[in-house]
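As provided, structure36.cif (mmCIF, C-alpha atoms) reads as follows.
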data_query
loop_
_atom_site.group_PDB
_atom_site.id
_atom_site.type_symbol
_atom_site.label_atom_id
_atom_site.label_comp_id
_atom_site.auth_asym_id
_atom_site.auth_seq_id
_atom_site.Cartn_x
_atom_site.Cartn_y
_atom_site.Cartn_z
ATOM 1 C CA MET G 239 -21.998 71.083 -47.243
ATOM 2 C CA SER G 240 -25.398 72.716 -47.066
ATOM 3 C CA ILE G 241 -26.755 74.571 -44.047
ATOM 4 C CA ASP G 242 -29.309 71.775 -43.526
ATOM 5 C CA GLN G 243 -26.644 69.069 -43.643
ATOM 6 C CA ALA G 244 -24.471 70.910 -41.136
ATOM 7 C CA ALA G 245 -27.446 71.338 -38.797
ATOM 8 C CA GLN G 246 -28.244 67.620 -38.995
ATOM 9 C CA LEU G 247 -24.639 66.572 -38.352
ATOM 10 C CA LEU G 248 -24.313 68.851 -35.333
ATOM 11 C CA HIS G 249 -27.851 68.092 -34.086
ATOM 12 C CA VAL G 250 -28.798 71.758 -33.979
ATOM 13 C CA SER G 251 -31.264 74.006 -35.797
ATOM 14 C CA ARG G 252 -30.608 75.954 -38.983
ATOM 15 C CA ARG G 253 -30.819 79.141 -36.895
ATOM 16 C CA THR G 254 -27.960 77.871 -34.691
ATOM 17 C CA ILE G 255 -25.844 77.258 -37.788
ATOM 18 C CA TYR G 256 -26.518 80.811 -39.010
ATOM 19 C CA ASN G 257 -25.652 82.176 -35.552
ATOM 20 C CA ARG G 258 -22.352 80.257 -35.541
ATOM 21 C CA ILE G 259 -21.573 81.587 -39.023
ATOM 22 C CA ARG G 260 -22.291 85.139 -37.857
ATOM 23 C CA ASP G 261 -20.128 84.604 -34.738
ATOM 24 C CA GLY G 262 -17.259 83.332 -36.903
ATOM 25 C CA ARG G 263 -17.290 79.816 -35.474
ATOM 26 C CA LEU G 264 -18.311 78.284 -38.815
ATOM 27 C CA HIS G 265 -16.817 79.270 -42.144
ATOM 28 C CA THR G 266 -18.713 79.261 -45.413
ATOM 29 C CA ILE G 267 -18.317 79.888 -49.106
ATOM 30 C CA ARG G 268 -20.851 81.051 -51.670
ATOM 31 C CA THR G 269 -21.639 78.957 -54.723
ATOM 32 C CA LEU G 270 -22.019 80.514 -58.152
ATOM 33 C CA GLY G 271 -25.780 80.341 -57.632
ATOM 34 C CA GLY G 272 -25.496 82.303 -54.377
ATOM 35 C CA SER G 273 -26.090 79.426 -51.948
ATOM 36 C CA GLN G 274 -24.040 79.307 -48.783
ATOM 37 C CA ARG G 275 -22.025 76.159 -48.048
ATOM 38 C CA VAL G 276 -20.399 75.321 -44.711
ATOM 39 C CA LEU G 277 -16.764 74.255 -44.931
ATOM 40 C CA VAL G 278 -16.272 70.808 -43.401
ATOM 41 C CA GLU G 279 -13.008 71.917 -41.774
ATOM 42 C CA SER G 280 -14.911 74.429 -39.657
ATOM 43 C CA LEU G 281 -17.181 71.617 -38.375
ATOM 44 C CA HIS G 282 -14.090 69.840 -37.051
ATOM 45 C CA ASP G 283 -13.231 72.948 -35.050
ATOM 46 C CA LEU G 284 -16.614 72.609 -33.286
ATOM 47 C CA GLY G 285 -15.892 69.008 -32.333
ATOM 48 C CA PHE G 286 -17.577 67.108 -35.169
ATOM 49 C CA LYS G 287 -15.774 63.831 -35.787
ATOM 50 C CA PRO G 288 -16.792 61.914 -38.914
ATOM 51 C CA GLN G 289 -17.347 58.192 -38.558
ATOM 52 C CA ALA G 290 -15.656 55.729 -40.882
ATOM 53 C CA PHE G 291 -18.945 53.884 -41.309
ATOM 54 C CA PRO G 292 -22.558 54.773 -40.555
ATOM 55 C CA THR G 293 -23.870 53.299 -37.323
ATOM 56 C CA SER G 294 -26.022 50.795 -39.180
ATOM 57 C CA ALA G 295 -23.009 49.480 -41.093
ATOM 58 C CA SER G 296 -21.038 48.866 -37.899
ATOM 59 C CA ALA G 297 -23.810 46.597 -36.674
ATOM 60 C CA ALA G 298 -23.862 44.564 -39.887
ATOM 61 C CA SER G 299 -22.779 40.949 -39.850
ATOM 62 C CA PHE G 300 -21.177 39.066 -42.685
ATOM 63 C CA ASP G 301 -21.330 35.385 -43.541
ATOM 64 C CA VAL G 302 -18.016 33.789 -44.387
ATOM 65 C CA ARG G 303 -18.449 31.137 -47.027
ATOM 66 C CA ALA G 304 -15.859 28.556 -47.905
ATOM 67 C CA ARG G 305 -14.845 28.447 -51.551
ATOM 68 C CA SER G 306 -14.924 25.129 -53.333
#
Give the structure from this file in structure tokens form.
Amino acid sequence: MSIDQAAQLLHVSRRTIYNRIRDGRLHTIRTLGGSQRVLVESLHDLGFKPQAFPTSASAASFDVRARS
């Protein structure tokens, strides 16, 4: 994922992401175009736990309709 996406998921700044990369706490790869991408596995090591559904989806309600 991109540096911006990682920063948003961890609720930190881009600078913090770069610092964690430099410190070896986040691992990245380079794309063919030269962009840096954060490996999702390294986010798990920092305590990020993905949710099965976005928060808004968990609050959704569904109508059950009888079939005729």
Exercise for the section: Tell me, in Å to one decimal, how far CA of Ser273 (chain G) is from CA of Ser240 (chain G). Expected result: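 So the answer is 8.3 Å.
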Exercise for the section: Given the file shown, determine the residues that the PyMOL selection byres ((chain G and resi 265) around 10) selects; report them as an MDAnalysis selection string. Expected result: chainID G and resid 258:264 266:267 274:281
Let me see the file: selected residues, C-alpha atoms, as a short mmCIF file (atom, residue, chain, number, x, y, z; two decimals), in the coordinates of the input.
data_model
loop_
_atom_site.label_atom_id
_atom_site.label_comp_id
_atom_site.auth_asym_id
_atom_site.auth_seq_id
_atom_site.Cartn_x
_atom_site.Cartn_y
_atom_site.Cartn_z
CA ARG G 258 -22.35 80.26 -35.54
CA ILE G 259 -21.57 81.59 -39.02
CA ARG G 260 -22.29 85.14 -37.86
CA ASP G 261 -20.13 84.60 -34.74
CA GLY G 262 -17.26 83.33 -36.90
CA ARG G 263 -17.29 79.82 -35.47
CA LEU G 264 -18.31 78.28 -38.82
CA THR G 266 -18.71 79.26 -45.41
CA ILE G 267 -18.32 79.89 -49.11
CA GLN G 274 -24.04 79.31 -48.78
CA ARG G 275 -22.02 76.16 -48.05
CA VAL G 276 -20.40 75.32 -44.71
CA LEU G 277 -16.76 74.26 -44.93
CA VAL G 278 -16.27 70.81 -43.40
CA GLU G 279 -13.01 71.92 -41.77
CA SER G 280 -14.91 74.43 -39.66
CA LEU G 281 -17.18 71.62 -38.38
#
Exercise for the section: Find the distance between CA of Gly272 (chain G) and CA of Gln246 (chain G) and write it in Å to one decimal. Expected result: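 So the answer is 21.4 Å.
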Practice task
For the structure provided, state which residues fall under the PyMOL selection byres ((chain G and resi 241) around 7), and present them as a PyMOL selection string.
Solution key: chain G and resi 239-240+242-245+252+255+275-276
